[in-house]
Each structure stands twice: as C-alpha cells, then as structure tokens.
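The structure file data_22.txt is reproduced below (compact mmCIF, C-alpha atoms and all ligand atoms).
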# COMPACT_ATOMS: atom_id res chain seq x y z
CA MET S 1088 -25.00 3.83 -13.88
CA SER S 1089 -24.74 3.53 -10.11
CA ALA S 1090 -22.06 5.50 -8.28
CA LEU S 1091 -20.97 2.16 -6.88
CA THR S 1092 -20.20 0.53 -10.22
CA PRO S 1093 -16.42 0.05 -10.58
CA ARG S 1094 -14.97 1.32 -13.84
CA PRO S 1095 -11.42 1.38 -15.24
CA GLU S 1096 -11.07 5.15 -14.59
CA HIS S 1097 -11.28 4.41 -10.86
CA LYS S 1098 -7.91 2.65 -11.20
CA PHE S 1099 -8.74 -0.34 -9.01
CA SER S 1100 -6.17 -3.11 -9.16
CA PHE S 1101 -5.65 -6.50 -7.53
CA GLY S 1102 -2.64 -8.74 -7.03
CA LEU S 1103 -2.74 -12.19 -8.62
CA TRP S 1104 -2.02 -13.48 -5.09
CA THR S 1105 -5.12 -11.77 -3.66
CA VAL S 1106 -8.05 -12.98 -5.75
CA GLY S 1107 -5.87 -16.03 -6.41
CA HIS S 1108 -5.41 -16.72 -2.70
CA ARG S 1109 -6.26 -20.32 -1.96
CA GLY S 1110 -7.14 -19.91 1.70
CA GLY S 1111 -4.15 -21.66 3.23
CA ASP S 1112 -3.01 -20.35 6.62
CA PRO S 1113 -0.31 -21.35 9.11
CA PHE S 1114 -2.75 -23.80 10.72
CA GLY S 1115 -4.61 -25.27 7.80
CA ALA S 1116 -4.44 -26.39 4.20
CA VAL S 1117 -5.81 -24.56 1.18
CA THR S 1118 -9.59 -24.41 0.79
CA ARG S 1119 -9.81 -23.34 -2.87
CA SER S 1120 -8.30 -24.61 -6.11
CA ALA S 1121 -5.68 -22.77 -8.14
CA GLN S 1122 -6.79 -20.36 -10.87
CA ASP S 1123 -5.10 -19.56 -14.14
CA PRO S 1124 -3.59 -16.01 -14.09
CA ALA S 1125 -5.01 -15.29 -17.55
CA GLU S 1126 -8.50 -16.23 -16.34
CA ILE S 1127 -8.04 -13.99 -13.29
CA VAL S 1128 -7.23 -11.09 -15.60
CA ARG S 1129 -10.35 -11.65 -17.70
CA ARG S 1130 -12.50 -11.89 -14.62
CA LEU S 1131 -11.00 -8.71 -13.17
CA GLY S 1132 -11.75 -6.90 -16.41
CA SER S 1133 -15.34 -8.12 -16.34
CA ILE S 1134 -15.97 -6.70 -12.84
CA GLY S 1135 -14.59 -3.25 -13.71
CA ALA S 1136 -11.05 -3.50 -12.34
CA TRP S 1137 -8.36 -1.55 -14.18
CA GLY S 1138 -5.13 -3.25 -13.19
CA VAL S 1139 -3.42 -6.41 -12.05
CA SER S 1140 -0.14 -6.89 -10.20
CA PHE S 1141 2.00 -9.95 -9.60
CA HIS S 1142 5.09 -11.42 -8.00
CA ASP S 1143 7.51 -13.05 -10.43
CA ASP S 1144 6.57 -16.49 -9.07
CA ASP S 1145 2.79 -15.84 -9.19
CA LEU S 1146 2.97 -15.54 -12.94
CA ILE S 1147 5.89 -17.79 -13.83
CA PRO S 1148 6.30 -20.80 -11.52
CA PRO S 1149 9.98 -20.99 -10.53
CA GLU S 1150 10.26 -24.47 -12.02
CA ALA S 1151 8.97 -23.39 -15.49
CA THR S 1152 11.21 -24.12 -18.49
CA SER S 1153 11.95 -21.31 -20.93
CA SER S 1154 9.38 -22.59 -23.40
CA GLU S 1155 6.75 -22.82 -20.64
CA ARG S 1156 7.66 -19.28 -19.66
CA ARG S 1157 7.11 -18.04 -23.20
CA ALA S 1158 3.72 -19.76 -23.34
CA ILE S 1159 2.61 -18.27 -20.00
CA VAL S 1160 3.74 -14.78 -21.01
CA ALA S 1161 1.90 -15.01 -24.35
CA ARG S 1162 -1.29 -16.30 -22.72
CA PHE S 1163 -1.20 -13.59 -20.06
CA ARG S 1164 -0.54 -10.86 -22.61
CA LYS S 1165 -3.48 -12.05 -24.72
CA ALA S 1166 -5.78 -11.86 -21.69
CA LEU S 1167 -4.52 -8.34 -20.94
CA ASP S 1168 -5.02 -7.19 -24.52
CA GLU S 1169 -8.49 -8.68 -24.77
CA SER S 1170 -9.72 -7.45 -21.39
CA GLY S 1171 -8.03 -4.03 -21.44
CA VAL S 1172 -6.57 -4.72 -17.97
CA VAL S 1173 -3.10 -3.19 -17.44
CA VAL S 1174 -0.20 -4.43 -15.32
CA SER S 1175 -0.08 -1.69 -12.71
CA MET S 1176 2.75 -3.05 -10.55
CA ALA S 1177 5.19 -5.94 -10.32
CA THR S 1178 7.20 -7.33 -7.42
CA GLN S 1179 9.29 -10.33 -6.47
CA ASN S 1180 8.87 -13.11 -4.01
CA LEU S 1181 11.84 -12.93 -1.66
CA PHE S 1182 10.04 -14.64 1.20
CA SER S 1183 8.64 -18.09 0.31
CA HIS S 1184 11.75 -20.09 -0.55
CA PRO S 1185 13.65 -21.40 2.51
CA ALA S 1186 16.82 -19.82 1.05
CA PHE S 1187 15.37 -16.53 2.30
CA LYS S 1188 14.70 -17.75 5.83
CA ASP S 1189 17.37 -15.38 7.22
CA GLY S 1190 16.41 -12.51 4.92
CA ALA S 1191 17.04 -11.66 1.27
CA PHE S 1192 18.92 -8.35 0.88
CA THR S 1193 19.79 -8.54 4.59
CA SER S 1194 20.56 -12.26 4.90
CA ASN S 1195 23.79 -12.89 6.75
CA ASP S 1196 24.84 -15.10 3.83
CA PRO S 1197 26.36 -12.95 1.03
CA GLU S 1198 25.46 -15.57 -1.60
CA VAL S 1199 21.77 -15.38 -0.57
CA ARG S 1200 21.99 -11.58 -0.87
CA ARG S 1201 23.46 -11.88 -4.36
CA TYR S 1202 20.77 -14.40 -5.36
CA ALA S 1203 18.08 -12.01 -4.06
CA ILE S 1204 19.45 -9.16 -6.19
CA ALA S 1205 19.67 -11.41 -9.27
CA LYS S 1206 16.09 -12.68 -8.74
CA THR S 1207 14.88 -9.10 -8.34
CA MET S 1208 16.56 -7.98 -11.59
CA ARG S 1209 14.70 -10.76 -13.41
CA ALA S 1210 11.43 -9.67 -11.75
CA ILE S 1211 12.07 -6.06 -12.80
CA ASP S 1212 12.62 -7.29 -16.38
CA LEU S 1213 9.35 -9.23 -16.21
CA GLY S 1214 7.48 -6.16 -14.91
CA ALA S 1215 9.05 -3.99 -17.61
CA GLU S 1216 8.05 -6.53 -20.28
CA PHE S 1217 4.44 -5.84 -19.30
CA GLY S 1218 4.90 -2.09 -18.85
CA ALA S 1219 4.55 -2.05 -15.05
CA PRO S 1220 5.51 1.49 -13.95
CA ILE S 1221 5.99 0.57 -10.28
CA HIS S 1222 8.05 -2.13 -8.62
CA VAL S 1223 7.18 -2.93 -4.99
CA PHE S 1224 9.64 -4.12 -2.35
CA TRP S 1225 8.01 -5.90 0.56
CA GLY S 1226 10.84 -7.15 2.73
CA GLY S 1227 8.87 -9.65 4.75
CA ARG S 1228 11.94 -11.72 5.65
CA GLU S 1229 14.23 -8.70 6.18
CA GLY S 1230 14.24 -8.93 9.93
CA VAL S 1231 15.15 -10.97 12.93
CA GLU S 1232 13.96 -12.96 15.90
CA ALA S 1233 17.32 -13.18 17.70
CA ALA S 1234 18.46 -9.55 17.94
CA ALA S 1235 22.13 -10.49 18.41
CA ALA S 1236 22.16 -12.30 15.07
CA LYS S 1237 21.71 -9.24 12.87
CA PRO S 1238 23.09 -5.86 13.98
CA PRO S 1239 20.56 -3.40 12.53
CA ILE S 1240 22.97 -0.75 11.24
CA GLU S 1241 24.85 -3.36 9.20
CA ALA S 1242 21.55 -4.84 7.98
CA LEU S 1243 20.37 -1.39 6.86
CA ALA S 1244 23.67 -0.89 5.02
CA ARG S 1245 23.10 -4.12 3.09
CA TYR S 1246 19.45 -3.15 2.40
CA ARG S 1247 20.66 0.21 1.05
CA GLU S 1248 23.40 -1.43 -1.02
CA ALA S 1249 20.85 -3.74 -2.69
CA LEU S 1250 18.38 -0.96 -3.45
CA ASP S 1251 21.11 1.34 -4.79
CA PHE S 1252 22.34 -1.48 -7.02
CA LEU S 1253 18.82 -2.15 -8.32
CA CYS S 1254 18.19 1.55 -8.95
CA GLY S 1255 21.40 1.45 -10.99
CA TYR S 1256 20.03 -1.52 -12.93
CA VAL S 1257 16.77 0.26 -13.77
CA ARG S 1258 18.64 3.38 -14.89
CA ASP S 1259 21.07 1.34 -16.96
CA LYS S 1260 18.18 -0.44 -18.69
CA GLY S 1261 16.31 2.83 -19.24
CA TYR S 1262 13.10 1.34 -17.84
CA GLY S 1263 11.74 4.35 -15.96
CA THR S 1264 10.38 2.00 -13.27
CA ARG S 1265 9.99 3.56 -9.82
CA PHE S 1266 10.40 1.59 -6.61
CA ALA S 1267 7.88 1.58 -3.76
CA LEU S 1268 9.01 0.23 -0.37
CA GLU S 1269 6.28 -1.47 1.66
CA PRO S 1270 6.68 -1.19 5.44
CA LYS S 1271 5.48 -3.81 7.91
CA PRO S 1272 6.30 -4.04 11.62
CA ASN S 1273 6.43 -7.83 12.05
CA GLU S 1274 5.14 -11.15 10.62
CA PRO S 1275 6.63 -13.31 9.34
CA ARG S 1276 9.77 -12.05 11.19
CA GLY S 1277 9.67 -11.16 14.88
CA ASP S 1278 10.82 -7.65 13.91
CA ILE S 1279 11.06 -6.42 10.32
CA PHE S 1280 13.38 -3.62 9.17
CA LEU S 1281 11.62 -0.47 7.87
CA PRO S 1282 8.62 -1.23 10.11
CA THR S 1283 6.49 1.85 9.39
CA ILE S 1284 5.89 4.49 6.73
CA GLY S 1285 8.00 6.94 8.72
CA HIS S 1286 10.99 4.60 8.91
CA ALA S 1287 10.78 3.97 5.17
CA LEU S 1288 10.53 7.68 4.30
CA ALA S 1289 13.63 8.47 6.34
CA PHE S 1290 15.58 5.54 4.84
CA ILE S 1291 14.71 6.53 1.26
CA GLU S 1292 16.50 9.85 1.75
CA THR S 1293 19.74 7.92 2.43
CA LEU S 1294 19.67 6.19 -0.99
CA ASP S 1295 21.77 7.29 -3.98
CA THR S 1296 18.71 8.13 -6.09
CA PRO S 1297 15.83 8.87 -3.71
CA GLU S 1298 13.93 10.54 -6.55
CA ILE S 1299 12.91 7.18 -8.03
CA VAL S 1300 11.94 5.59 -4.71
CA GLY S 1301 8.76 6.06 -2.69
CA VAL S 1302 6.46 4.01 -0.50
CA ASN S 1303 3.64 1.48 -0.83
CA PRO S 1304 1.85 1.70 2.53
CA GLU S 1305 -0.66 -0.99 3.53
CA VAL S 1306 -3.69 -0.40 5.78
CA ALA S 1307 -3.15 -3.63 7.72
CA HIS S 1308 0.53 -3.04 8.38
CA GLU S 1309 0.33 0.41 10.01
CA THR S 1310 -2.78 -0.71 11.88
CA MET S 1311 -0.86 -3.71 13.28
CA ALA S 1312 1.66 -1.17 14.62
CA GLY S 1313 -1.20 0.70 16.29
CA LEU S 1314 -0.70 3.75 14.09
CA SER S 1315 -3.14 5.96 12.21
CA PHE S 1316 -2.91 4.79 8.61
CA HIS S 1317 -4.37 7.94 7.16
CA HIS S 1318 -1.86 10.10 9.01
CA GLY S 1319 0.99 7.92 7.70
CA VAL S 1320 -0.34 8.16 4.15
CA ALA S 1321 -0.71 11.93 4.56
CA GLN S 1322 2.94 12.14 5.52
CA ALA S 1323 3.91 10.11 2.43
CA ILE S 1324 1.84 12.45 0.26
CA ASP S 1325 3.38 15.47 1.95
CA ALA S 1326 6.83 14.09 1.13
CA GLY S 1327 5.82 13.44 -2.50
CA LYS S 1328 6.44 9.73 -1.91
CA LEU S 1329 3.08 7.99 -2.25
CA LEU S 1330 3.64 5.88 -5.36
CA HIS S 1331 1.25 3.01 -4.66
CA ILE S 1332 -1.09 1.89 -1.87
CA ASP S 1333 -2.25 -1.48 -0.50
CA LEU S 1334 -5.88 -1.24 0.58
CA ASN S 1335 -7.40 -3.81 2.92
CA ALA S 1336 -8.85 -4.00 6.44
CA GLN S 1337 -7.42 -4.98 9.78
CA LYS S 1338 -8.43 -5.13 13.43
CA ILE S 1339 -5.79 -3.55 15.63
CA GLY S 1340 -3.53 -5.90 17.57
CA ARG S 1341 -4.11 -8.96 15.40
CA TYR S 1342 -2.08 -10.93 12.86
CA ASP S 1343 -1.97 -9.46 9.33
CA GLN S 1344 -5.61 -10.05 8.40
CA ASP S 1345 -5.73 -8.56 4.87
CA PHE S 1346 -9.53 -8.40 4.93
CA ARG S 1347 -11.76 -6.91 2.23
CA PHE S 1348 -11.28 -3.12 2.09
CA GLY S 1349 -13.85 -1.46 4.36
CA ALA S 1350 -14.64 -4.64 6.30
CA GLU S 1351 -13.19 -3.20 9.54
CA GLY S 1352 -12.42 0.29 10.82
CA ILE S 1353 -14.97 2.06 8.65
CA LYS S 1354 -14.23 5.53 10.02
CA ASP S 1355 -10.50 5.13 9.37
CA ALA S 1356 -11.30 3.86 5.89
CA PHE S 1357 -13.47 6.91 5.28
CA PHE S 1358 -10.71 9.35 6.23
CA LEU S 1359 -8.26 7.43 4.06
CA VAL S 1360 -10.51 7.59 1.00
CA GLN S 1361 -11.25 11.26 1.66
CA LEU S 1362 -7.51 11.94 1.84
CA LEU S 1363 -6.74 10.04 -1.37
CA GLU S 1364 -9.60 11.65 -3.27
CA ARG S 1365 -8.66 15.16 -2.11
CA SER S 1366 -4.92 14.81 -2.54
CA GLY S 1367 -4.80 14.40 -6.30
CA TYR S 1368 -3.13 10.98 -5.87
CA ASP S 1369 -3.61 9.38 -9.26
CA GLY S 1370 -1.86 6.05 -8.74
CA PRO S 1371 -3.48 2.63 -8.43
CA ARG S 1372 -6.08 1.91 -5.76
CA HIS S 1373 -4.57 -1.51 -5.21
CA PHE S 1374 -6.29 -4.12 -3.07
CA ASP S 1375 -3.84 -6.34 -1.23
CA ALA S 1376 -6.52 -8.32 0.51
CA ARG S 1377 -7.87 -11.83 0.37
CA PRO S 1378 -11.25 -13.50 0.58
CA TYR S 1379 -12.14 -15.09 3.90
CA ARG S 1380 -10.90 -18.66 4.06
CA VAL S 1381 -14.49 -19.92 4.15
CA GLU S 1382 -15.22 -18.61 0.64
CA ASP S 1383 -15.46 -20.89 -2.35
CA THR S 1384 -14.36 -19.76 -5.82
CA SER S 1385 -17.50 -17.73 -6.46
CA GLY S 1386 -17.08 -15.93 -3.12
CA ILE S 1387 -13.78 -14.56 -4.41
CA TRP S 1388 -15.63 -12.27 -6.77
CA ASP S 1389 -18.04 -11.07 -4.07
CA PHE S 1390 -14.92 -10.19 -2.12
CA ALA S 1391 -13.28 -8.31 -5.01
CA THR S 1392 -16.44 -6.42 -5.91
CA GLY S 1393 -16.94 -5.58 -2.23
CA CYS S 1394 -13.47 -3.97 -2.01
CA MET S 1395 -14.26 -1.68 -4.94
CA ARG S 1396 -17.83 -0.88 -3.88
CA ASN S 1397 -16.70 0.05 -0.39
CA TYR S 1398 -14.09 2.41 -1.83
CA LEU S 1399 -16.68 4.02 -4.11
CA ALA S 1400 -19.23 4.25 -1.29
CA LEU S 1401 -16.69 6.03 0.91
CA ALA S 1402 -15.72 8.34 -1.96
CA GLU S 1403 -19.41 9.20 -2.27
CA LYS S 1404 -19.55 9.88 1.49
CA ALA S 1405 -16.52 12.17 1.08
CA ARG S 1406 -18.46 14.16 -1.55
CA GLN S 1407 -21.47 14.35 0.80
CA PHE S 1408 -19.17 15.52 3.58
CA ASP S 1409 -18.01 18.43 1.39
CA ALA S 1410 -21.56 19.36 0.36
CA ASP S 1411 -23.10 19.22 3.85
CA ASP S 1412 -23.83 22.69 5.31
CA GLY S 1413 -24.09 21.35 8.86
CA ILE S 1414 -20.69 19.74 8.56
CA ALA S 1415 -19.27 22.94 7.04
CA ALA S 1416 -20.51 24.92 10.04
CA ALA S 1417 -19.10 22.35 12.48
CA LEU S 1418 -15.73 22.40 10.71
CA ASP S 1419 -15.70 26.17 11.06
CA GLU S 1420 -16.54 25.95 14.76
CA ALA S 1421 -13.73 23.44 15.25
CA GLY S 1422 -11.32 25.92 13.69
CA VAL S 1423 -10.47 23.73 10.71
CA ASN S 1424 -10.58 26.67 8.30
CA ASP S 1425 -8.12 28.58 10.48
CA LEU S 1426 -5.62 25.71 10.31
CA ALA S 1427 -5.28 26.40 6.60
CA LYS S 1428 -4.07 29.94 7.28
CA PRO S 1429 -0.33 30.55 7.83
CA THR S 1430 0.58 31.20 11.47
CA VAL S 1431 3.32 33.81 11.20
CA GLY S 1432 4.68 33.54 7.68
CA PRO S 1433 8.40 33.52 6.93
CA TYR S 1434 10.85 34.57 9.60
CA THR S 1435 11.88 38.18 10.00
CA ALA S 1436 13.70 39.61 12.98
CA LYS S 1437 11.02 42.27 13.29
CA LEU S 1438 8.24 39.70 13.45
CA ALA S 1439 10.15 37.63 15.99
CA LYS S 1440 10.52 40.68 18.18
CA SER S 1441 6.88 41.67 17.89
CA LEU S 1442 5.76 38.13 18.78
CA GLN S 1443 8.00 38.11 21.84
CA GLU S 1444 6.68 41.47 22.92
CA ARG S 1445 3.04 40.63 22.37
CA ASP S 1446 0.93 40.29 25.48
CA PHE S 1447 -0.61 36.83 25.06
CA ASP S 1448 -3.36 35.82 27.47
CA PRO S 1449 -3.14 31.99 27.76
CA ASP S 1450 -6.13 31.85 30.13
CA ALA S 1451 -8.32 33.59 27.59
CA LEU S 1452 -6.94 31.28 24.87
CA ALA S 1453 -7.86 28.30 27.03
CA ASP S 1454 -11.45 29.45 27.30
CA ARG S 1455 -12.69 28.38 23.92
CA GLY S 1456 -14.05 24.95 23.09
CA TYR S 1457 -13.30 23.27 19.77
CA ALA S 1458 -16.63 21.46 19.37
CA ASN S 1459 -14.96 18.23 18.29
CA ASP S 1460 -17.62 15.90 19.67
CA GLN S 1461 -20.23 17.65 17.57
CA LEU S 1462 -18.07 17.35 14.45
CA ASP S 1463 -17.20 13.71 15.01
CA GLN S 1464 -20.84 12.85 15.67
CA LEU S 1465 -21.78 14.37 12.32
CA VAL S 1466 -19.17 12.15 10.66
CA ILE S 1467 -20.63 9.10 12.41
CA GLU S 1468 -24.17 10.02 11.35
CA LEU S 1469 -22.99 10.60 7.79
CA LEU S 1470 -21.35 7.18 7.72
CA LEU S 1471 -24.36 5.49 9.31
CA GLY S 1472 -26.57 7.04 6.65
CA VAL S 1473 -28.85 8.89 9.08
CA ARG S 1474 -28.02 12.39 7.82
C1 LIG J 1501 2.46 -10.56 0.75
C2 LIG J 1501 2.43 -9.43 1.73
C3 LIG J 1501 1.92 -8.17 1.12
C4 LIG J 1501 2.80 -7.62 0.07
C5 LIG J 1501 2.89 -8.51 -1.11
C6 LIG J 1501 3.90 -7.96 -2.07
S1 LIG J 1501 3.17 -10.15 -0.74
O1 LIG J 1501 1.18 -11.01 0.49
O2 LIG J 1501 1.61 -9.81 2.83
O3 LIG J 1501 1.68 -7.18 2.08
O4 LIG J 1501 2.24 -6.42 -0.39
O5 LIG J 1501 5.12 -8.61 -1.97
MN MN J 1502 -0.90 -7.46 4.79
MN MN J 1503 0.84 -5.46 0.94
Encoded form using structure tokens:
Amino acid sequence: MSALTPRPEHKFSFGLWTVGHRGGDPFGAVTRSAQDPAEIVRRLGSIGAWGVSFHDDDLIPPEATSSERRAIVARFRKALDESGVVVSMATQNLFSHPAFKDGAFTSNDPEVRRYAIAKTMRAIDLGAEFGAPIHVFWGGREGVEAAAAKPPIEALARYREALDFLCGYVRDKGYGTRFALEPKPNEPRGDIFLPTIGHALAFIETLDTPEIVGVNPEVAHETMAGLSFHHGVAQAIDAGKLLHIDLNAQKIGRYDQDFRFGAEGIKDAFFLVQLLERSGYDGPRHFDARPYRVEDTSGIWDFATGCMRNYLALAEKARQFDADDGIAAALDEAGVNDLAKPTVGPYTAKLAKSLQERDFDPDALADRGYANDQLDQLVIELLLGVR
C-alpha cells in the first residue's frame, strides 16, 4: 500500500460544507449541484477519510419539519454506520441568516444574542446526538465595520457571557464536548473579534471554565493576517489548547481562499505537518477547504484526495528530514540541538550572581555563523525531491 493512500487511522476529516461547496462566490452563482449529506459521507469513507463535520444547517435545513429532521438524522446515521465514518466535530451557522448581520453573541440586539445562544444549544445537542467530541465556534459575524458602533470591551464581555453560558449547558447535560474557538482577522466583517490564535488563547483564560475550551486554527486565517501559521499552532500546542485544526491553503494578502491543502505555501505546509506529526497531536486533520469553482462534481473528489495525499506526502518528507544525515549535520551546525538544552535552569541567587560576574565577550559571541542558508537550502532540495 502506498504511503500516500489515506486510511482512517490518519484521522482525515472534511466538513459537509467543503466537499459540498457549490462554487458560489460573492460575484457569481453556484457552479455545482447540491449533494445529499449521506452520499457525501459514503464517498468520504470510500476515499479513506475518517471523519465528517457539519454546521447545524448543513445537515438539517432550517425550514425542515420535525418529521423531516428525523428522516435526515436516520439517513445520515445509516450512512455513518455503513461507511464507518465518524462525526469528528459539529458547529453552528451564526453567519448566513440576515438576523446575524450585526453579530451573533456580540450583536447589539439582545434578542439576537439570545437567539444565537438558543441556536447554538440546539447545534450542541445535534453534535452530541452523533457523538461529536468537539464543537467549533467560528465567529465570522462577530465584528464591525463602523468602530463606533461596537465598543470592543463590551463586545468581548458579551462574547464571554455567551461562551460561559454554553459551557454551563454542556456541563449540565453531561456531554463532555469541548469547545474550539476559530480565529479569523476579517471577512466577512471589516474586523472580527478574536482575530488570531494569540488573541483567542488569551481570551480563553478569562472564561469560567477554560479547561474545556481550546482553539481551532485555520491555515488561511493566520496567513491572511500575515502571520506564521506553524508558529501560531506551536503556541496553541504549547498551551495545551490545540483541539482541532482547519487545513487548507492561502496566498498571503488575499481574500480567504480555502484552497486544497498544500496547493500554496508548500514550505509552510511542510513545517506545519512536521510540527503536528512530532507533537503527538492526535485530533482530527480536518480540511476546511473547497474545490476550485471551475470543478464539476467529479473534480470535488480529486480535490479531497489531493488534500489528504499532500498531507501524507509532507509527513513522508518529515520522516526523510529526520533520517537525513546531511540535514542532521546542518541542524547541528545551526545550533538547533543546543536550543533544546536549558539555558540556566531554575533561579538561584548564587547562579544570578555568577552570571552577573561572568566575563562575557559579546564580540567573540558575534563571530560565529549559524549556517541557516545551508540548512534552508537542504529543506528546499528535500521538498523539491532532488535529495
Ligand atoms: C466557514 C468558515 C470556516 C469555518 C466554518 C465553521 S464555516 O466556511 O469560512 O473557516 O471553519 O463555522
Ligand atoms: Mn477560511
Ligand atoms: Mn475554518
């Protein structure tokens, strides 16, 4: 079996809205027809994916009657059982309906805020019904264009109030669901609250029960902000807060492109995969990406397979990186092995004194080179397949 063949143990998952994306954009109509969620699940299972995720409204159209809801749930469950695909995450759509045009948990209208919390509780129930361990919060409308219209400290207080309430709901129900906040700097709002991984990590610590809340970072979103995604993810891992991850590809400085994982920024993607594979992260490798608008229905599955193959190819490159003697020597020359050694150890007054009294020679310290061009070139040659 090829190293590039996706299998359930790789924990690849896709949102219903990703492979189900119909190609509509702000300037043009849809280019593909709608697919049945149960059929999507079967197809995902057949290409080696492990999980599926959904928004409440992706699975159950808001206008569905209770008997239609029961039929959809039964049909979806049957597809899951027969394909072996699991529901790896659930979320709620708090962005499409015009009621949320001023925000959901941070709308200036208290009745909209209460509706958003009620809709989210129903979405949490739906996720729990299918055993989803993670519930994502992407606050796409939680932001502002006119800064005067939404003082940010008040908005953050309302955001916190909603999340604390919903944590209470999950505890009360005994679900065990954990929440993952998904940062994004802008789009569709001019500025969105919790714009980066760092903002989200700091905010989580202000919640009543931070222990059940973490982050769901997305490649495209940090890249839009001009930040290093793999550094942001490393910080989430370091904080014990990486609960879920949205993999895709993005050119810097553009709209949220959500391209096939690996399609852009291949070196960044490599360091991300290396980080995930080394870190012991055992959550979903979730693709929040969409086929190019020019694809027809069959192109969707080229897209999905491509996401998984690119991840596996980069994981294979990460193994080659570790086994390469030339790279090992270059890492040593760059001082990477020394970074793993403690600098001074825990504080003691004696050590502080001896450091202050030590005769450092900064000019001599400045003399060495760190051979970073050599190391980076080896990475490039590894990725280009010429090593
Ligand atoms: C929407 C958004 C994504 C979020 C999804 C979850 S919905 O497609 O662009 O980044 O992860 O709400
Ligand atoms: Mn995105
Ligand atoms: Mn996302």
How would you report the residues lying within 12 Å of ligand MN 1503 (chain J), as a ChimeraX atom specification, if you count all atoms listed in the file?
/S:1101-1102,1104-1105,1140-1142,1176,1178,1223-1227,1267-1271,1302-1309,1331-1336,1343-1346,1373-1377
Among listed residues S:Phe1447, S:Tyr1246, S:Phe1290, S:Tyr1342, nearest S:Ala1191 (using all atoms listed in the file):
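Among the listed residues, S:Tyr1246 lies closest to S:Ala1191.
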Separating atom CA of S:Ile1291 from atom CA of S:Arg1247, to the nearest tenth of an Å, is a gap of 8.7 Å
Please compute the atom CA of S:Ala1400-atom CA of S:Phe1316 distance, one decimal, in Å.
19.1 Å
Contacts of S:Glu1298 within 10 Å, only C-alpha atoms, excl. fewer than 4 positions in-chain, as a PDB file with C-alpha atoms, in the frame of the given file:
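Output file out-v4.pdb is given in full below:
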ATOM      1  CA  ARG S1265       9.990   3.560  -9.820  1.00  0.00           C
ATOM      2  CA  PHE S1266      10.400   1.590  -6.610  1.00  0.00           C
ATOM      3  CA  ILE S1291      14.710   6.530   1.260  1.00  0.00           C
ATOM      4  CA  GLU S1292      16.500   9.850   1.750  1.00  0.00           C
ATOM      5  CA  LEU S1294      19.670   6.190  -0.990  1.00  0.00           C
ATOM      6  CA  GLY S1327       5.820  13.440  -2.500  1.00  0.00           C
ATOM      7  CA  LYS S1328       6.440   9.730  -1.910  1.00  0.00           C
TER       8      LYS S1328
END
Which of these residues is nearest to S:Tyr1457, using all atoms listed in the file: S:Ala1417, S:Val1360, S:Leu1442, S:Leu1469?
S:Ala1417
One number please: atom CA of S:Ala1421 to atom CA of S:Gly1456, in Å, one decimal.
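About the pair atom CA of S:Ala1421 and atom CA of S:Gly1456: they are 8.0 Å apart.
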Just checking: using all atoms listed in the file, which residue out of S:Phe1348, S:Phe1390, S:Phe1358, S:Tyr1256 ends up closest to ligand MN 1502 (chain J)?
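Of S:Phe1348, S:Phe1390, S:Phe1358, S:Tyr1256, the one nearest ligand MN 1502 (chain J), counting all atoms listed in the file, is S:Phe1348.
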For ligand MN 1502 (chain J), the nearest of the candidates S:Asn1273, S:Thr1293, S:Asn1195, S:Ser1170, counting only C-alpha atoms and all ligand atoms
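Ranked by minimum distance to ligand MN 1502 (chain J), first place goes to S:Asn1273.
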Top pick for closest residue to S:Phe1357, considering S:Ala1321, S:Leu1462, S:Leu1399, S:Leu1330 and counting only C-alpha atoms:
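Looking only at the distances to S:Phe1357, the closest residue turns out to be S:Leu1399.
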S:Gln1337, S:Ser1133, S:Ser1194, S:Thr1384 ranked by distance to ligand MN 1502 (chain J), top pick (using only C-alpha atoms and all ligand atoms):
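Smallest separation from ligand MN 1502 (chain J) among the options: S:Gln1337.
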